[in-house]
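Below is one structure, written out as structure tokens; comments come after it.
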Amino acid sequence: MNHRQTAAHNDGSPTCNANNRRARSRDNLLMYDDFGEENCCPGRCLGHTNSERQLMARITAVKRRQALRGPAYMFSAPSTSPSEAEQRFLEAAEYGNIPEVRRMLLHMPNLNVNAVDYMGQNALQLAVGNEHLEVTELLLGRAELARVGDALLLAISKGYVRITEALLGHPSFRDAHRLTASPAQADMLDDFYAYDEDGTRFSQDVTPVILAAHCQEYEIVHILLGKGARIDPPHDYFCGCDSCNYQQQFDSFSHSRSRINAYRGLASPAYLSLSNEDPVLAALELSNELAVLANIEKEFKNDYCRLSSQCKDYVVGLLDLCRSTEEVEAILSGETDCDESYVSPGRPSLTRLKLAIKYELKKFVAHPNCQQQLLSIWYENLPGLRQQTTAVKLLVVLGVAVGLPGLALAYWVAPCSRVGKVMRSPFMKFVAHASSFTIFLCLLVLNAADRFGGTTLLANMTHHQHPGKLNSGLETDPLLLYRMTTTPFTWMEILIICWVIGMIWAEVKEIWSQGPGEYLLEPWNFLDFGMLAIFLASFTCRFSALKHAELAQTYVHTHYTALINVTLPPEIHYFTLARIYWLPSDPQLVSEGLYAIAVVLSFSRIAYILPANESFGPLQISLGRTVKDIFKFMVIFILVFLAFMIGMFNLYSYYLGAKQNDAFTTLEESFKTLFWAIFGLSEVRSVVINNGHKFIENIGYVLYGVYNVTMVIVLLNMLIAMINSSFQEIEDDADVEWKFARAKLWFSYFEEGRTLPVPFNLVPSPKATLGLATGIKSLLQHVAGHGVGTDGAQLNQLGEGTSSGYGGSTSRTRYQKIMKRLIKRYIIKAQADRDSDEITEGELKEIKQDISSLRYELLEEKSQNMETLEGVLKRLEINSPSP
């Protein structure tokens, strides 16, 4: 917004007060007694003397004074009232009396066409507001006509297309800045817009194209865009440029409202449809930008959320109008036929769908047209399986699980064979990876099978038999340390390690392909990372314990022939002790603890594949939402818990040994007592003191009672209400939520690569070797300076290159044609929906005004016919012979 400086002097006043910048109406500028040289804008009066400039200023002030009054005029006494002729002129323009307006314009050259009525509206505004096109055209012929900009905004707001076209033909619009500048950006001394102190019909920051976009006037937006009008996107919210800083300091509210008005125009379906070559991408990006702003500008959150939803609904509306697979692919991929090296031949890239999933456009992803396209890709290279029953599909899954090693070997040998193509199918990749993970879970279970009925070796027992020979009855090794029987890895644990290494390698490849930023956006990746990190730490601690035990065993073999009646060094003797004598920080104990946590996380990873099923998918989504609610609840919970824990500790810390138990006497005991009190496992006698300090004891009773009421009755019930609310939200829109979650799951298997499941992915296949060689070659070419063309081609194939515009290639031209068809359908549907609305009171008023205008035209025609008839009769009387 451009802010203009004024310098008005009145009767010897030295300067205008600097703090009065907001009173910048043209009324104030024109209501002084005369215009001096100091009030004339530089450069406007070049070539004129001072007296000529003063005379011109007085004439201009007299002619435009009424035109520059706004709605405040009706609440104050006017300085000059309109004359009788001006009043008739305004009434004729308002009621569409074309003959009277034409007559007055022709025969009254000194008529003030800028006279205003009691509401501050001139004849042009009255004619435009009542949709009198002919009157408007007559008025536009006068050179001194004012408020053309106001009339244009009024015509746009009412949707008068023909009047808008007539107004745009006015000579003042030869300046392209007229269509891009808002009223606040126009020249103060210009009469294109009306200024007043009490506000106008439209906001000062609204341009014609913004107003047309707000009103969803497709034809008017098209006309304005054809004349070069555009909506400038607002600067970033954290922009530190001089203009943004000044506007924030001068009037932060107006600055925020101007940003919202601009975004309303940008998010309008009319503007998105007609101003963007790729409206789908523009709507997706704008919806995400508005969603981000909703979280930044909390005071306008509802406005930004509504605009973001409007952009999402627009994309869904386009997808709903598709009539063929080609059109659906165009919307989901951004192009119709692409030969990317990153996707399988014939498979669409789905770049727009990936963006929609990233921005969480759930209705778009869950739309039937999108789901049908995803389903066809899901069962790729598997003809007929899609129509099979669930029982047949389960048999296929079982067969893949049993024959997984053979299928992996076949793909490793011949990746381009029929079996290899089947293995690259997203469905088969999902089944193979799910089967591999199921086998991994079975290994975790079987690893503890020897202890299902209880261990035979108690914690206080030791032995000297090698692992696996404990119950074999073989002779023992007298030099064998007990720790050498517990630390070595079993064959089951070695298999588990192979699976873990394979999963780590798969995660590394995923980070490499997606990038760290994209990888961290997926919550499931945090679970994978945590699970694998804990497994790795557990195996590292176990390996460390094994190395120390081996070093001790080597020392024994070197220095001793028997361990009976021998005094071992303390560091060696430690490895002969039973489990109960191990240090708490023993690496093997740490390893076992971490391993238990990793096993729990491994089984929780099953929830990742639950969205594939319609019954379990919504439950998994509700579970994830519940976890989020618990994290939010924990903030309040921890504050309350810490308050009572510290308070009870301060109260009872001096009574250690003087209570019936140790509750609250130490910080640890205070934590344990209050935590288990939530579940009803703490006793009331925890606050009783033996020495009869009743005051302290009563305070303890009160605090402990308040704690139980606050935590159990208030906070826990609030958590239950939050969980119930989240579950109900999921249930109310269960189909959309489930299809969106399923699409995210499916999409992770659409990308090329990761065909072989764990642990078969550890063996490099010929295809992977070839890809690595190609990558190294491309890297060397890039370093040598010859890889620019290859990188540019890849960017163009991904639909993100800057060098290829619309019409630059066959695929782009084809995509543009498809989008043109869809946009045309969307506009036709929008106009049909508007036409199908009921007749409003305003439309009835327009019909009444049209009838009134027709009445005046008929009366004028009748008058002309009567004059013609009288002339004919007179001529007949003159030419008739006398008797």
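Identifiers for the structure tokens are assigned positionally: chains receive A, B, ... in sequence, residues are indexed from 1 per chain, and ligands are indexed from 1 in the order shown.
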- Just the residues within 12 Å of range 90-92 of chain A, please, counting only C-alpha atoms, with nothing from its chain fewer than 3 positions along; format it as number ranges by chain. A: 82-87, 95-105, 111-127, 130, 132, 134-136, 139, 849, 852-853, 856-857
- Message: Using only C-alpha atoms, which protein or nucleic acid residues come within 12 Å of Phe679 in chain A? Drop anything in the same chain fewer than 3 positions from it, and give the result as a PyMOL selection string.
- Response: chain A and resi 672-676+682-683+708+711-713+716
- Could you give me the residues within range 592-712 of chain A that DSSP places in alpha helix (DSSP H), as a VMD selection string? chain A and resid 592 to 604 616 to 652 667 to 677 694 to 708
- Can you list, as an MDAnalysis selection string, every protein, DNA or RNA residue that comes within 9 Å of Asn761 in chain A when you count only C-alpha atoms, leaving out same-chain residues fewer than 4 positions away? chainID A and resid 502:503 505:506 754:757 765
Can those selected residues be exported to a file as a short mmCIF file (atom, residue, chain, number, x, y, z; two decimals), in the first residue's frame so that it contains N, CA and C atoms?
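Everything below was put into selection.cif:
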data_model
loop_
_atom_site.label_atom_id
_atom_site.label_comp_id
_atom_site.auth_asym_id
_atom_site.auth_seq_id
_atom_site.Cartn_x
_atom_site.Cartn_y
_atom_site.Cartn_z
N GLY A 502 19.32 -55.51 7.92
CA GLY A 502 18.57 -55.28 6.68
C GLY A 502 17.60 -54.12 6.81
N MET A 503 16.92 -54.00 7.94
CA MET A 503 16.00 -52.87 8.14
C MET A 503 16.77 -51.55 8.22
N TRP A 505 19.56 -50.90 6.69
CA TRP A 505 19.96 -50.58 5.31
C TRP A 505 18.77 -50.03 4.51
N ALA A 506 17.58 -50.58 4.74
CA ALA A 506 16.39 -50.08 4.05
C ALA A 506 16.08 -48.65 4.47
N ARG A 754 13.31 -50.83 -3.49
CA ARG A 754 12.91 -51.53 -2.27
C ARG A 754 12.00 -52.72 -2.59
N THR A 755 12.32 -53.43 -3.66
CA THR A 755 11.51 -54.59 -4.04
C THR A 755 11.80 -55.78 -3.14
N LEU A 756 13.07 -56.07 -2.92
CA LEU A 756 13.44 -57.21 -2.09
C LEU A 756 13.23 -56.87 -0.62
N PRO A 757 12.56 -57.72 0.12
CA PRO A 757 12.33 -57.44 1.54
C PRO A 757 13.57 -57.76 2.37
N SER A 765 21.81 -56.85 -5.82
CA SER A 765 21.33 -57.47 -7.04
C SER A 765 22.02 -56.86 -8.25
#
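The neighbours of Tyr581 in chain A here are the residues that come within 12 Å of it, using only C-alpha atoms and leaving out any residue fewer than 4 positions away in the same chain; they are Ala459, Asn460, Met461, Thr462, His573, Tyr574, Phe575, Thr576, Leu577, Ser585, Asp586 and Leu589 of chain A.
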Find the residues of range 362-427 of chain A that sit at most 6 Å from range 736-753 of chain A; for each, write down the nearest two atoms and how far apart they are in Å, to one decimal. Count only C-alpha atoms. Sort by chain, then by number going up, and give it as a tab-separated table.
residue	atom	partner	partner_atom	distance
A:Lys362	CA	A:Phe740	CA	5.7
A:Val365	CA	A:Phe740	CA	5.8
A:Ala366	CA	A:Lys739	CA	5.2
A:Pro426	CA	A:Tyr749	CA	5.2
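Distances here use only C-alpha atoms; by that measure, the residue among A:Ser203, A:Arg264, A:Gln216, A:Glu144 closest to Lys158 in chain A is A:Gln216.
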- Message: Show me, as a PyMOL selection string, the residues that have an atom within 9 Å of Thr325 in chain A when counting only C-alpha atoms, minus same-chain residues fewer than 4 positions from it.
- Response: chain A and resi 329-330+369+373
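The coordinates place CA of Thr207 in chain A at 14.7 Å from CA of His222 in chain A.
Counting from CA of Leu385 in chain A, the distance to CA of Phe427 in chain A is 10.0 Å.
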- Find the residues around Thr164 in chain A up to 9 Å (only C-alpha atoms counted), leave out those fewer than 5 positions away in its own chain, and share them as a VMD selection string. chain A and resid 151 to 153 155 to 156 159 169 220
Write a file of the selected residues as a PDB file, in the first residue's frame, keeping N, CA, C and O atoms.
ATOM      1  N   ALA A 151     -17.471   3.634  -9.864  1.00  0.00           N
ATOM      2  CA  ALA A 151     -18.511   3.014 -10.687  1.00  0.00           C
ATOM      3  C   ALA A 151     -18.086   1.632 -11.164  1.00  0.00           C
ATOM      4  O   ALA A 151     -18.904   0.695 -11.220  1.00  0.00           O
ATOM      5  N   LEU A 152     -16.801   1.473 -11.494  1.00  0.00           N
ATOM      6  CA  LEU A 152     -16.317   0.173 -11.936  1.00  0.00           C
ATOM      7  C   LEU A 152     -16.419  -0.853 -10.802  1.00  0.00           C
ATOM      8  O   LEU A 152     -16.877  -1.985 -11.017  1.00  0.00           O
ATOM      9  N   LEU A 153     -16.002  -0.466  -9.605  1.00  0.00           N
ATOM     10  CA  LEU A 153     -16.111  -1.390  -8.469  1.00  0.00           C
ATOM     11  C   LEU A 153     -17.565  -1.751  -8.184  1.00  0.00           C
ATOM     12  O   LEU A 153     -17.880  -2.902  -7.860  1.00  0.00           O
ATOM     13  N   ALA A 155     -20.045  -1.813 -10.399  1.00  0.00           N
ATOM     14  CA  ALA A 155     -20.510  -2.720 -11.454  1.00  0.00           C
ATOM     15  C   ALA A 155     -19.973  -4.134 -11.247  1.00  0.00           C
ATOM     16  O   ALA A 155     -20.680  -5.127 -11.458  1.00  0.00           O
ATOM     17  N   ILE A 156     -18.730  -4.239 -10.816  1.00  0.00           N
ATOM     18  CA  ILE A 156     -18.143  -5.564 -10.569  1.00  0.00           C
ATOM     19  C   ILE A 156     -18.851  -6.251  -9.405  1.00  0.00           C
ATOM     20  O   ILE A 156     -19.157  -7.449  -9.464  1.00  0.00           O
ATOM     21  N   GLY A 159     -22.023  -7.631 -10.553  1.00  0.00           N
ATOM     22  CA  GLY A 159     -21.938  -8.614 -11.624  1.00  0.00           C
ATOM     23  C   GLY A 159     -22.469  -8.128 -12.954  1.00  0.00           C
ATOM     24  O   GLY A 159     -22.921  -8.945 -13.771  1.00  0.00           O
ATOM     25  N   GLY A 169     -13.836   0.713 -21.166  1.00  0.00           N
ATOM     26  CA  GLY A 169     -13.517   1.426 -22.399  1.00  0.00           C
ATOM     27  C   GLY A 169     -13.294   2.906 -22.202  1.00  0.00           C
ATOM     28  O   GLY A 169     -13.002   3.619 -23.173  1.00  0.00           O
ATOM     29  N   ILE A 220     -15.981 -11.361 -15.657  1.00  0.00           N
ATOM     30  CA  ILE A 220     -15.302 -10.101 -15.365  1.00  0.00           C
ATOM     31  C   ILE A 220     -13.834 -10.345 -15.036  1.00  0.00           C
ATOM     32  O   ILE A 220     -12.950  -9.573 -15.449  1.00  0.00           O
TER      33      ILE A 220
END
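Across the structure, CA of Ala270 in chain A and CA of Tyr218 in chain A are spaced 5.2 Å apart.
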- Message: Give me the residues near Pro415 in chain A as a ChimeraX atom specification, where near means some atom within 10 Å (using only C-alpha atoms) and where sequence neighbours in that chain fewer than 4 positions away do not count.
- Response: /A:408-411,419-424,755,765-767
Write the residues of the preceding selection, restricted to N, CA and C atoms, as a PDB file, in the first residue's frame.
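The new file selection-v2.pdb reads:
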ATOM      1  N   ALA A 408      12.556 -64.162  -4.019  1.00  0.00           N
ATOM      2  CA  ALA A 408      13.661 -63.204  -3.914  1.00  0.00           C
ATOM      3  C   ALA A 408      14.834 -63.629  -4.788  1.00  0.00           C
ATOM      4  N   LEU A 409      15.122 -64.936  -4.824  1.00  0.00           N
ATOM      5  CA  LEU A 409      16.211 -65.430  -5.669  1.00  0.00           C
ATOM      6  C   LEU A 409      15.895 -65.228  -7.143  1.00  0.00           C
ATOM      7  N   ALA A 410      14.635 -65.483  -7.533  1.00  0.00           N
ATOM      8  CA  ALA A 410      14.241 -65.293  -8.932  1.00  0.00           C
ATOM      9  C   ALA A 410      14.353 -63.827  -9.329  1.00  0.00           C
ATOM     10  N   TYR A 411      13.941 -62.924  -8.459  1.00  0.00           N
ATOM     11  CA  TYR A 411      14.061 -61.498  -8.783  1.00  0.00           C
ATOM     12  C   TYR A 411      15.522 -61.066  -8.817  1.00  0.00           C
ATOM     13  N   VAL A 419       8.392 -63.037 -13.400  1.00  0.00           N
ATOM     14  CA  VAL A 419       8.386 -63.083 -11.939  1.00  0.00           C
ATOM     15  C   VAL A 419       8.891 -61.764 -11.361  1.00  0.00           C
ATOM     16  N   GLY A 420       9.904 -61.182 -12.008  1.00  0.00           N
ATOM     17  CA  GLY A 420      10.427 -59.905 -11.534  1.00  0.00           C
ATOM     18  C   GLY A 420       9.392 -58.796 -11.638  1.00  0.00           C
ATOM     19  N   LYS A 421       8.617 -58.778 -12.726  1.00  0.00           N
ATOM     20  CA  LYS A 421       7.564 -57.766 -12.864  1.00  0.00           C
ATOM     21  C   LYS A 421       6.486 -57.951 -11.813  1.00  0.00           C
ATOM     22  N   VAL A 422       6.164 -59.218 -11.531  1.00  0.00           N
ATOM     23  CA  VAL A 422       5.168 -59.475 -10.489  1.00  0.00           C
ATOM     24  C   VAL A 422       5.693 -59.007  -9.134  1.00  0.00           C
ATOM     25  N   MET A 423       6.971 -59.236  -8.855  1.00  0.00           N
ATOM     26  CA  MET A 423       7.554 -58.814  -7.580  1.00  0.00           C
ATOM     27  C   MET A 423       7.593 -57.287  -7.462  1.00  0.00           C
ATOM     28  N   ARG A 424       7.675 -56.581  -8.581  1.00  0.00           N
ATOM     29  CA  ARG A 424       7.684 -55.115  -8.547  1.00  0.00           C
ATOM     30  C   ARG A 424       6.294 -54.534  -8.383  1.00  0.00           C
ATOM     31  N   THR A 755      12.325 -53.430  -3.655  1.00  0.00           N
ATOM     32  CA  THR A 755      11.506 -54.585  -4.041  1.00  0.00           C
ATOM     33  C   THR A 755      11.796 -55.777  -3.140  1.00  0.00           C
ATOM     34  N   SER A 765      21.814 -56.848  -5.818  1.00  0.00           N
ATOM     35  CA  SER A 765      21.334 -57.474  -7.045  1.00  0.00           C
ATOM     36  C   SER A 765      22.021 -56.859  -8.255  1.00  0.00           C
ATOM     37  N   PRO A 766      21.997 -57.543  -9.396  1.00  0.00           N
ATOM     38  CA  PRO A 766      22.574 -56.940 -10.612  1.00  0.00           C
ATOM     39  C   PRO A 766      21.957 -55.600 -10.951  1.00  0.00           C
ATOM     40  N   LYS A 767      20.651 -55.473 -10.711  1.00  0.00           N
ATOM     41  CA  LYS A 767      19.986 -54.203 -10.998  1.00  0.00           C
ATOM     42  C   LYS A 767      20.537 -53.094 -10.115  1.00  0.00           C
TER      43      LYS A 767
END
